[in-house]
file target.pdb (PDB, C-alpha atoms and all ligand atoms)
ATOM      1  CA  MET A   1      24.132   7.381  -6.754
ATOM      2  CA  GLN A   2      20.569   6.081  -6.736
ATOM      3  CA  SER A   3      19.612   3.138  -4.539
ATOM      4  CA  ARG A   4      18.097  -0.028  -5.958
ATOM      5  CA  GLY A   5      14.330  -0.049  -6.331
ATOM      6  CA  PHE A   6      12.151  -1.452  -3.542
ATOM      7  CA  ALA A   7       8.553  -2.031  -2.513
ATOM      8  CA  LEU A   8       6.932   0.438  -0.097
ATOM      9  CA  VAL A   9       3.917  -1.062   1.645
ATOM     10  CA  ILE A  10       1.351   1.295   3.172
ATOM     11  CA  SER A  11      -1.456  -0.112   5.333
ATOM     12  CA  ALA A  12      -4.108   1.557   7.478
ATOM     13  CA  PRO A  13      -7.607   0.890   8.756
ATOM     14  CA  SER A  14     -10.140   1.637   5.989
ATOM     15  CA  GLY A  15     -11.033   5.364   6.008
ATOM     16  CA  THR A  16      -7.765   6.535   7.616
ATOM     17  CA  GLY A  17      -6.775   8.437   4.482
ATOM     18  CA  LYS A  18      -4.342   6.010   2.876
ATOM     19  CA  SER A  19      -5.482   6.653  -0.730
ATOM     20  CA  THR A  20      -5.371  10.431  -0.195
ATOM     21  CA  ILE A  21      -1.846  10.288   1.242
ATOM     22  CA  THR A  22      -0.537   7.792  -1.313
ATOM     23  CA  LYS A  23      -1.732  10.003  -4.171
ATOM     24  CA  ALA A  24       0.164  12.994  -2.740
ATOM     25  CA  VAL A  25       3.335  10.935  -2.175
ATOM     26  CA  LEU A  26       3.229   9.742  -5.806
ATOM     27  CA  GLU A  27       2.920  13.337  -7.006
ATOM     28  CA  ALA A  28       5.787  14.517  -4.788
ATOM     29  CA  GLU A  29       8.341  11.738  -5.399
ATOM     30  CA  SER A  30       9.113  10.871  -9.016
ATOM     31  CA  ARG A  31      10.775   7.551  -8.093
ATOM     32  CA  CYS A  32       7.438   6.255  -6.781
ATOM     33  CA  VAL A  33       5.085   4.256  -8.981
ATOM     34  CA  GLN A  34       1.706   2.984  -7.830
ATOM     35  CA  SER A  35       0.977  -0.722  -7.819
ATOM     36  CA  VAL A  36      -2.576  -1.215  -9.132
ATOM     37  CA  SER A  37      -4.241  -4.216  -7.472
ATOM     38  CA  ALA A  38      -6.776  -6.629  -8.884
ATOM     39  CA  THR A  39     -10.055  -6.785  -6.943
ATOM     40  CA  THR A  40     -13.436  -8.458  -7.095
ATOM     41  CA  ARG A  41     -15.001  -5.394  -5.369
ATOM     42  CA  LYS A  42     -17.374  -3.344  -7.514
ATOM     43  CA  PRO A  43     -16.018   0.069  -8.610
ATOM     44  CA  ARG A  44     -17.022   3.107  -6.516
ATOM     45  CA  ALA A  45     -18.295   6.208  -8.321
ATOM     46  CA  GLY A  46     -15.327   7.816 -10.043
ATOM     47  CA  GLU A  47     -13.037   4.795  -9.829
ATOM     48  CA  VAL A  48     -11.360   3.903 -13.116
ATOM     49  CA  ASP A  49     -10.507   0.360 -14.228
ATOM     50  CA  GLY A  50      -6.737   0.005 -14.642
ATOM     51  CA  LYS A  51      -6.038   3.151 -12.609
ATOM     52  CA  ASP A  52      -7.617   2.609  -9.177
ATOM     53  CA  TYR A  53      -7.916  -1.168  -9.513
ATOM     54  CA  PHE A  54      -8.212  -3.877 -12.131
ATOM     55  CA  PHE A  55     -11.843  -4.823 -11.491
ATOM     56  CA  VAL A  56     -12.177  -8.555 -12.175
ATOM     57  CA  SER A  57     -14.668 -11.386 -11.631
ATOM     58  CA  VAL A  58     -14.124 -13.998  -8.913
ATOM     59  CA  ASP A  59     -13.276 -16.548 -11.651
ATOM     60  CA  GLU A  60     -10.640 -14.272 -13.158
ATOM     61  CA  PHE A  61      -9.196 -13.588  -9.688
ATOM     62  CA  GLU A  62      -8.969 -17.338  -9.017
ATOM     63  CA  ARG A  63      -7.188 -17.842 -12.353
ATOM     64  CA  LYS A  64      -4.630 -15.124 -11.515
ATOM     65  CA  LYS A  65      -3.986 -16.803  -8.157
ATOM     66  CA  ARG A  66      -3.623 -20.235  -9.765
ATOM     67  CA  ASP A  67      -1.222 -18.958 -12.435
ATOM     68  CA  GLY A  68       1.036 -17.259  -9.853
ATOM     69  CA  GLU A  69       0.275 -13.774 -11.189
ATOM     70  CA  LEU A  70      -0.271 -12.329  -7.694
ATOM     71  CA  ILE A  71       2.628 -11.654  -5.344
ATOM     72  CA  GLU A  72       0.156 -11.577  -2.422
ATOM     73  CA  TRP A  73      -3.607 -11.648  -2.030
ATOM     74  CA  ALA A  74      -6.246 -11.371   0.701
ATOM     75  CA  GLU A  75      -9.959 -11.402   1.360
ATOM     76  CA  PHE A  76     -11.063  -8.103   2.883
ATOM     77  CA  ALA A  77     -14.647  -7.342   3.991
ATOM     78  CA  GLY A  78     -16.138  -9.860   1.560
ATOM     79  CA  ASN A  79     -14.006  -9.101  -1.522
ATOM     80  CA  PHE A  80     -10.699 -10.392  -2.892
ATOM     81  CA  TYR A  81      -7.688  -8.156  -3.497
ATOM     82  CA  GLY A  82      -4.247  -9.005  -4.924
ATOM     83  CA  THR A  83      -1.014  -7.384  -6.109
ATOM     84  CA  PRO A  84       0.240  -8.160  -9.645
ATOM     85  CA  ARG A  85       3.693  -9.778  -9.428
ATOM     86  CA  ALA A  86       4.977  -8.662 -12.862
ATOM     87  CA  PHE A  87       4.510  -4.954 -12.112
ATOM     88  CA  ILE A  88       6.433  -5.100  -8.820
ATOM     89  CA  GLU A  89       9.317  -7.063 -10.332
ATOM     90  CA  LYS A  90       9.560  -4.703 -13.310
ATOM     91  CA  ALA A  91       9.440  -1.598 -11.084
ATOM     92  CA  LYS A  92      12.197  -2.905  -8.819
ATOM     93  CA  ALA A  93      14.398  -3.900 -11.778
ATOM     94  CA  HIS A  94      13.911  -0.379 -13.151
ATOM     95  CA  GLY A  95      15.075   1.252  -9.891
ATOM     96  CA  ASP A  96      11.595   2.503  -8.977
ATOM     97  CA  ILE A  97       9.838   2.512  -5.605
ATOM     98  CA  ALA A  98       6.636   0.481  -6.001
ATOM     99  CA  VAL A  99       3.960   1.776  -3.608
ATOM    100  CA  LEU A 100       1.521  -0.908  -2.427
ATOM    101  CA  ASP A 101      -1.669   0.221  -0.689
ATOM    102  CA  ILE A 102      -2.596  -3.154   0.841
ATOM    103  CA  ASP A 103      -4.139  -4.601   3.997
ATOM    104  CA  ILE A 104      -2.363  -6.212   6.974
ATOM    105  CA  GLN A 105      -2.648  -9.766   5.572
ATOM    106  CA  GLY A 106      -0.973  -8.653   2.334
ATOM    107  CA  ALA A 107       1.741  -6.788   4.235
ATOM    108  CA  ALA A 108       2.524  -9.962   6.214
ATOM    109  CA  GLN A 109       2.960 -11.912   2.957
ATOM    110  CA  ILE A 110       5.240  -9.219   1.467
ATOM    111  CA  ARG A 111       7.336  -9.167   4.651
ATOM    112  CA  ARG A 112       7.905 -12.929   4.290
ATOM    113  CA  THR A 113       8.668 -12.980   0.560
ATOM    114  CA  MET A 114      10.406  -9.618   0.064
ATOM    115  CA  PRO A 115      12.773  -8.829   2.963
ATOM    116  CA  ASP A 116      13.980  -5.593   1.322
ATOM    117  CA  ALA A 117      10.442  -4.112   1.351
ATOM    118  CA  VAL A 118       9.640  -1.171   3.668
ATOM    119  CA  THR A 119       6.350  -1.252   5.560
ATOM    120  CA  ILE A 120       4.478   1.754   6.940
ATOM    121  CA  PHE A 121       1.369   1.656   9.134
ATOM    122  CA  VAL A 122      -0.753   4.810   8.941
ATOM    123  CA  ALA A 123      -2.923   5.526  11.993
ATOM    124  CA  PRO A 124      -5.902   7.879  12.297
ATOM    125  CA  PRO A 125      -5.739  10.455  15.134
ATOM    126  CA  SER A 126      -8.604   8.655  16.926
ATOM    127  CA  LEU A 127     -11.288   6.009  16.436
ATOM    128  CA  ALA A 128     -13.951   8.738  16.298
ATOM    129  CA  ALA A 129     -12.061  10.569  13.519
ATOM    130  CA  LEU A 130     -11.736   7.317  11.591
ATOM    131  CA  GLU A 131     -15.455   6.589  11.742
ATOM    132  CA  GLN A 132     -16.230  10.185  10.763
ATOM    133  CA  ARG A 133     -13.904  10.000   7.723
ATOM    134  CA  LEU A 134     -15.329   6.671   6.605
ATOM    135  CA  ARG A 135     -18.860   8.101   6.756
ATOM    136  CA  ALA A 136     -17.905  11.457   5.199
ATOM    137  CA  ARG A 137     -16.525   9.653   2.129
ATOM    138  CA  LYS A 138     -20.078   8.416   1.428
ATOM    139  CA  THR A 139     -18.867   5.439  -0.619
ATOM    140  CA  GLU A 140     -19.954   2.584   1.621
ATOM    141  CA  THR A 141     -23.288   1.233   2.805
ATOM    142  CA  GLU A 142     -23.959   1.066   6.570
ATOM    143  CA  GLU A 143     -23.262  -2.666   6.409
ATOM    144  CA  ALA A 144     -19.920  -2.147   4.642
ATOM    145  CA  ILE A 145     -18.953   0.570   7.151
ATOM    146  CA  ALA A 146     -19.763  -1.789  10.036
ATOM    147  CA  ARG A 147     -17.651  -4.575   8.458
ATOM    148  CA  ARG A 148     -14.716  -2.200   7.996
ATOM    149  CA  LEU A 149     -14.962  -0.829  11.554
ATOM    150  CA  ALA A 150     -15.162  -4.356  12.975
ATOM    151  CA  ARG A 151     -11.693  -5.049  11.550
ATOM    152  CA  VAL A 152     -10.029  -2.054  13.232
ATOM    153  CA  PRO A 153      -8.942  -3.751  16.519
ATOM    154  CA  SER A 154      -7.114  -6.573  14.703
ATOM    155  CA  GLU A 155      -5.554  -4.067  12.293
ATOM    156  CA  LEU A 156      -4.255  -1.919  15.174
ATOM    157  CA  ALA A 157      -2.852  -5.064  16.805
ATOM    158  CA  ALA A 158      -0.796  -5.764  13.652
ATOM    159  CA  ALA A 159       0.842  -2.297  13.630
ATOM    160  CA  LYS A 160       3.725  -3.596  15.761
ATOM    161  CA  TYR A 161       4.994  -5.721  12.859
ATOM    162  CA  TYR A 162       5.552  -2.709  10.572
ATOM    163  CA  ASP A 163       8.794  -0.740  10.162
ATOM    164  CA  TYR A 164       7.305   2.753  10.605
ATOM    165  CA  LEU A 165       4.243   4.371  12.185
ATOM    166  CA  VAL A 166       2.845   7.521  10.549
ATOM    167  CA  TRP A 167      -0.055   9.511  12.041
ATOM    168  CA  ASN A 168      -2.585  10.981   9.635
ATOM    169  CA  ASP A 169      -3.731  13.911  11.744
ATOM    170  CA  ARG A 170      -3.176  16.294   8.834
ATOM    171  CA  VAL A 171      -2.528  15.058   5.287
ATOM    172  CA  GLU A 172       0.575  17.291   4.843
ATOM    173  CA  ASN A 173       2.193  15.866   8.004
ATOM    174  CA  ALA A 174       1.592  12.277   6.977
ATOM    175  CA  VAL A 175       2.871  12.877   3.425
ATOM    176  CA  GLN A 176       5.994  14.598   4.780
ATOM    177  CA  ALA A 177       6.692  11.706   7.152
ATOM    178  CA  ILE A 178       6.410   9.152   4.333
ATOM    179  CA  LEU A 179       8.735  11.222   2.114
ATOM    180  CA  GLU A 180      11.263  11.232   4.982
ATOM    181  CA  VAL A 181      11.031   7.440   5.269
ATOM    182  CA  ILE A 182      11.671   7.152   1.504
ATOM    183  CA  ARG A 183      14.673   9.449   1.761
ATOM    184  CA  VAL A 184      16.253   7.555   4.656
ATOM    185  CA  GLU A 185      15.526   4.110   3.169
ATOM    186  CA  SER A 186      17.129   5.257  -0.115
ATOM    187  CA  LEU A 187      20.373   5.945   1.786
ATOM    188  CA  ARG A 188      20.723   2.347   3.016
ATOM    189  CA  ILE A 189      24.054   0.833   1.982
ATOM    190  CA  SER A 190      22.264  -2.504   1.508
ATOM    191  CA  ARG A 191      20.289  -0.916  -1.361
ATOM    192  CA  MET A 192      23.424   0.273  -3.198
ATOM    193  CA  ASP A 193      25.840  -1.326  -5.576
ATOM    194  CA  LEU A 194      29.229  -0.432  -4.056
ATOM    195  CA  GLU A 195      31.342  -3.201  -5.580
ATOM    196  CA  GLY A 196      34.631  -2.093  -7.182
ATOM    197  CA  ASP A 197      35.538   1.466  -8.075
ATOM    198  CA  TRP A 198      32.189   3.121  -7.300
ATOM    199  CA  LEU A 199      33.050   6.791  -6.651
ATOM    200  CA  PRO A 200      32.338   8.986  -9.709
ATOM    201  CA  LYS A 201      35.598  10.281 -11.311
ATOM    202  CA  VAL A 202      34.278  13.800 -11.951
TER     203      VAL A 202
HETATM  204  P1  LIG A 301      -8.536   5.054   2.831
HETATM  205  O1  LIG A 301      -7.866   4.990   1.488
HETATM  206  O2  LIG A 301      -7.564   4.875   3.960
HETATM  207  O3  LIG A 301      -9.718   4.173   2.973
HETATM  208  P2  LIG A 301      -9.344   7.779   1.995
HETATM  209  O4  LIG A 301      -8.056   8.318   1.450
HETATM  210  O5  LIG A 301     -10.407   7.390   1.019
HETATM  211  O6  LIG A 301      -9.070   6.561   3.017
HETATM  212  O7  LIG A 301      -9.887   8.868   3.031
HETATM  213  C1  LIG A 301     -11.140   8.713   3.704
HETATM  214  C2  LIG A 301     -11.821  10.072   3.842
HETATM  215  O8  LIG A 301     -11.096  10.858   4.820
HETATM  216  C3  LIG A 301     -11.821  10.871   2.547
HETATM  217  O9  LIG A 301     -13.059  11.546   2.436
HETATM  218  C4  LIG A 301     -10.642  11.852   2.737
HETATM  219  O10 LIG A 301     -10.840  13.040   1.995
HETATM  220  C5  LIG A 301     -10.653  12.091   4.245
HETATM  221  N1  LIG A 301      -9.313  12.372   4.830
HETATM  222  C6  LIG A 301      -8.139  11.806   4.507
HETATM  223  N2  LIG A 301      -7.129  12.283   5.281
HETATM  224  C7  LIG A 301      -7.705  13.187   6.118
HETATM  225  C8  LIG A 301      -7.188  14.046   7.175
HETATM  226  N3  LIG A 301      -5.906  14.056   7.517
HETATM  227  N4  LIG A 301      -8.070  14.829   7.813
HETATM  228  C9  LIG A 301      -9.390  14.811   7.481
HETATM  229  N5  LIG A 301      -9.930  14.053   6.512
HETATM  230  C10 LIG A 301      -9.103  13.233   5.830
HETATM  231  P1  LIG A 302     -10.935  -0.544  -0.572
HETATM  232  O1  LIG A 302     -12.042  -1.484  -0.883
HETATM  233  O2  LIG A 302     -11.303   0.469   0.488
HETATM  234  O3  LIG A 302     -10.327   0.089  -1.801
HETATM  235  O4  LIG A 302      -9.757  -1.413   0.066
HETATM  236  C1  LIG A 302     -10.009  -2.213   1.178
HETATM  237  C2  LIG A 302      -8.701  -2.724   1.758
HETATM  238  O5  LIG A 302      -8.063  -3.596   0.830
HETATM  239  C3  LIG A 302      -7.693  -1.619   2.084
HETATM  240  O6  LIG A 302      -7.128  -1.902   3.354
HETATM  241  C4  LIG A 302      -6.657  -1.764   1.001
HETATM  242  O7  LIG A 302      -5.374  -1.357   1.434
HETATM  243  C5  LIG A 302      -6.700  -3.259   0.777
HETATM  244  N1  LIG A 302      -6.132  -3.661  -0.513
HETATM  245  C6  LIG A 302      -6.224  -3.043  -1.704
HETATM  246  N2  LIG A 302      -5.542  -3.706  -2.642
HETATM  247  C7  LIG A 302      -4.992  -4.781  -2.037
HETATM  248  C8  LIG A 302      -4.163  -5.869  -2.484
HETATM  249  O8  LIG A 302      -3.762  -5.979  -3.632
HETATM  250  N3  LIG A 302      -3.823  -6.777  -1.542
HETATM  251  C9  LIG A 302      -4.225  -6.721  -0.259
HETATM  252  N4  LIG A 302      -3.799  -7.655   0.577
HETATM  253  N5  LIG A 302      -5.003  -5.723   0.195
HETATM  254  C10 LIG A 302      -5.379  -4.771  -0.686
END
call {"tool": "encode", "arguments": {"input": "target.pdb", "output": "structure tokens"}}
result
Amino acid sequence: MQSRGFALVISAPSGTGKSTITKAVLEAESRCVQSVSATTRKPRAGEVDGKDYFFVSVDEFERKKRDGELIEWAEFAGNFYGTPRAFIEKAKAHGDIAVLDIDIQGAAQIRRTMPDAVTIFVAPPSLAALEQRLRARKTETEEAIARRLARVPSELAAAKYYDYLVWNDRVENAVQAILEVIRVESLRISRMDLEGDWLPKV
């Protein structure tokens, strides 16, 4: 018997390796579908509209907010980001696990509005490793790197509100830990429909 669908929130300080890990989890677990956020940030080299993000103008983002199209939203390092409501509701109704790669403000909103969601905080092995990864990615200006690093203390302080802590020392370890969380959360009685005669006859 398959459990009902649910939202899986993954947050981490920028540069920890969240996108890398999420991609591997999506490849390994067929029940997982990625939630694609809307953002006013400009695309990085190689990012594809509709796949990595829906890249929108500030006006379009404001309209989405006004029309209730976003299940949560936040401003992060000077840009707006938000999760499309329709996708999450459809995924859950379909029995899928919707994976949301969102920041700590977004996770707090999901926790309030979606009590059946599972939240995971991914931590880098050290602050030095985090800074090194952020620089090695070569996608951000010095100013953007500084803005992202300045947020780290408040992000680490919010880790205590999450359900699970996963260390990204090595990608394989972090991916394995997240797959274990998915497996255990899928066994929760509260996610099953056990009314009536539920045991299969054959
Ligand atoms: P985030 O999505 O959290 O901002 P990324 O997935 O873009 O982070 O990863 C940031 C950089 O760190 C990338 O260059 C990625 O290849 C690298 N990286 C990710 N995980 C690890 C790891 N466990 N060890 C070393 N480098 C990593
Ligand atoms: P980046 O610009 O590096 O892609 O993302 C910056 C931060 O915004 C990351 O912490 C990422 O998880 C977060 N983020 C991406 N999409 C959303 C979203 O829809 N909502 C919220 N709250 N945060 C998001």
call {"tool": "residues_near_point", "arguments": {"input": "target.pdb", "point": "(-8.7, -11.4, 3.6)", "cutoff": "12 Å", "atoms": "all atoms listed in the file", "output": "JSON list (two decimals) with C-alpha atoms, keeping the file's coordinate frame"}}
result
[["chain", "number", "residue", "atom", "x", "y", "z"],
["A", 39, "THR", "CA", -10.06, -6.78, -6.94],
["A", 72, "GLU", "CA", 0.16, -11.58, -2.42],
["A", 73, "TRP", "CA", -3.61, -11.65, -2.03],
["A", 74, "ALA", "CA", -6.25, -11.37, 0.70],
["A", 75, "GLU", "CA", -9.96, -11.40, 1.36],
["A", 76, "PHE", "CA", -11.06, -8.10, 2.88],
["A", 77, "ALA", "CA", -14.65, -7.34, 3.99],
["A", 78, "GLY", "CA", -16.14, -9.86, 1.56],
["A", 79, "ASN", "CA", -14.01, -9.10, -1.52],
["A", 80, "PHE", "CA", -10.70, -10.39, -2.89],
["A", 81, "TYR", "CA", -7.69, -8.16, -3.50],
["A", 82, "GLY", "CA", -4.25, -9.01, -4.92],
["A", 102, "ILE", "CA", -2.60, -3.15, 0.84],
["A", 103, "ASP", "CA", -4.14, -4.60, 4.00],
["A", 104, "ILE", "CA", -2.36, -6.21, 6.97],
["A", 105, "GLN", "CA", -2.65, -9.77, 5.57],
["A", 106, "GLY", "CA", -0.97, -8.65, 2.33],
["A", 107, "ALA", "CA", 1.74, -6.79, 4.24],
["A", 108, "ALA", "CA", 2.52, -9.96, 6.21],
["A", 109, "GLN", "CA", 2.96, -11.91, 2.96],
["A", 148, "ARG", "CA", -14.72, -2.20, 8.00],
["A", 151, "ARG", "CA", -11.69, -5.05, 11.55],
["A", 155, "GLU", "CA", -5.55, -4.07, 12.29]]
call {"tool": "resolve_selection", "arguments": {"input": "target.pdb", "expression": "the PyMOL selection byres (((chain A and resi 40-46) around 8) and not hetatm)", "output": "JSON, numbers by chain"}}
result
{"A": [38, 39, 47, 48, 49, 55, 56, 57, 58, 61, 79, 80, 81, 139]}
call {"tool": "write_last_selection", "arguments": {"input": "target.pdb", "atoms": "C-alpha atoms", "output": "compact mmCIF listing (two decimals), keeping the file's coordinate frame"}}
result
# COMPACT_ATOMS: atom_id res chain seq x y z
CA ALA A 38 -6.78 -6.63 -8.88
CA THR A 39 -10.06 -6.78 -6.94
CA GLU A 47 -13.04 4.80 -9.83
CA VAL A 48 -11.36 3.90 -13.12
CA ASP A 49 -10.51 0.36 -14.23
CA PHE A 55 -11.84 -4.82 -11.49
CA VAL A 56 -12.18 -8.56 -12.18
CA SER A 57 -14.67 -11.39 -11.63
CA VAL A 58 -14.12 -14.00 -8.91
CA PHE A 61 -9.20 -13.59 -9.69
CA ASN A 79 -14.01 -9.10 -1.52
CA PHE A 80 -10.70 -10.39 -2.89
CA TYR A 81 -7.69 -8.16 -3.50
CA THR A 139 -18.87 5.44 -0.62
call {"tool": "closest_residue", "arguments": {"input": "target.pdb", "among": "A:Arg4, A:His94, A:Lys64, A:Lys18", "to": "Trp167 in chain A", "atoms": "all atoms listed in the file"}}
result
A:Lys18
call {"tool": "resolve_selection", "arguments": {"input": "target.pdb", "expression": "the PyMOL selection byres (((not hetatm)) within 6 of (chain A and resi 301))", "output": "MDAnalysis selection string"}}
result
chainID A and resid 12 14:20 133:134 136:137 168:171
call {"tool": "resolve_selection", "arguments": {"input": "target.pdb", "expression": "the PyMOL selection byres (((chain A and resi 186-201) around 10) and not hetatm)", "output": "list in words"}}
result
Met1, Gln2, Ser3, Arg4, Gly5, Phe6, Ile97, Asp116, Glu180, Val181, Ile182, Arg183, Val184, Glu185 and Val202 of chain A
call {"tool": "atom_distance", "arguments": {"input": "target.pdb", "atom1": "CA of Leu179 in chain A", "atom2": "CA of Glu131 in chain A"}}
result
26.4 Å
call {"tool": "atom_distance", "arguments": {"input": "target.pdb", "atom1": "CA of Arg66 in chain A", "atom2": "CA of Ala86 in chain A"}}
result
14.7 Å
call {"tool": "closest_residue", "arguments": {"input": "target.pdb", "among": "A:Ile10, A:Pro153, A:Arg147, A:Thr22", "to": "Val175 in chain A", "atoms": "only C-alpha atoms"}}
result
A:Thr22
call {"tool": "closest_residue", "arguments": {"input": "target.pdb", "among": "A:Pro13, A:Asp52, A:Ala177, A:Ile71", "to": "Pro124 in chain A", "atoms": "all atoms listed in the file"}}
result
A:Pro13
call {"tool": "closest_residue", "arguments": {"input": "target.pdb", "among": "A:Asn173, A:Ser126, A:Ser11, A:Gln34", "to": "ligand LIG 302 (chain A)", "atoms": "only C-alpha atoms and all ligand atoms"}}
result
A:Ser11
call {"tool": "closest_residue", "arguments": {"input": "target.pdb", "among": "A:Asp101, A:Leu127, A:Glu89, A:Glu143", "to": "Met114 in chain A", "atoms": "only C-alpha atoms"}}
result
A:Glu89
call {"tool": "atom_distance", "arguments": {"input": "target.pdb", "atom1": "atom N2 of ligand LIG 302 (chain A)", "atom2": "CA of Thr83 in chain A"}}
result
6.8 Å
call {"tool": "closest_residue", "arguments": {"input": "target.pdb", "among": "A:Arg63, A:Lys160, A:Arg31, A:Lys138", "to": "ligand LIG 302 (chain A)", "atoms": "only C-alpha atoms and all ligand atoms"}}
result
A:Lys138
call {"tool": "axis_aligned_box", "arguments": {"input": "target.pdb", "around": "ligand LIG 302 (chain A)", "padding_each_side": "6 Å", "output": "JSON"}}
result
{"center_x": -7.9, "center_y": -3.6, "center_z": -0.1, "size_x": 20.3, "size_y": 20.1, "size_z": 19.0}
call {"tool": "residues_around", "arguments": {"input": "target.pdb", "residues": "Val166 in chain A", "least_positions_apart": "5", "cutoff": "8 Å", "atoms": "all atoms listed in the file", "output": "list in words"}}
result
Ile120, Phe121, Val122, Ala123, Ala174, Ala177 and Ile178 of chain A
call {"tool": "write_last_selection", "arguments": {"input": "target.pdb", "atoms": "C-alpha atoms", "output": "mmCIF file, keeping the file's coordinate frame"}}
result
data_model
loop_
_atom_site.group_PDB
_atom_site.id
_atom_site.type_symbol
_atom_site.label_atom_id
_atom_site.label_comp_id
_atom_site.auth_asym_id
_atom_site.auth_seq_id
_atom_site.Cartn_x
_atom_site.Cartn_y
_atom_site.Cartn_z
ATOM 1 C CA ILE A 120 4.478 1.754 6.940
ATOM 2 C CA PHE A 121 1.369 1.656 9.134
ATOM 3 C CA VAL A 122 -0.753 4.810 8.941
ATOM 4 C CA ALA A 123 -2.923 5.526 11.993
ATOM 5 C CA ALA A 174 1.592 12.277 6.977
ATOM 6 C CA ALA A 177 6.692 11.706 7.152
ATOM 7 C CA ILE A 178 6.410 9.152 4.333
#
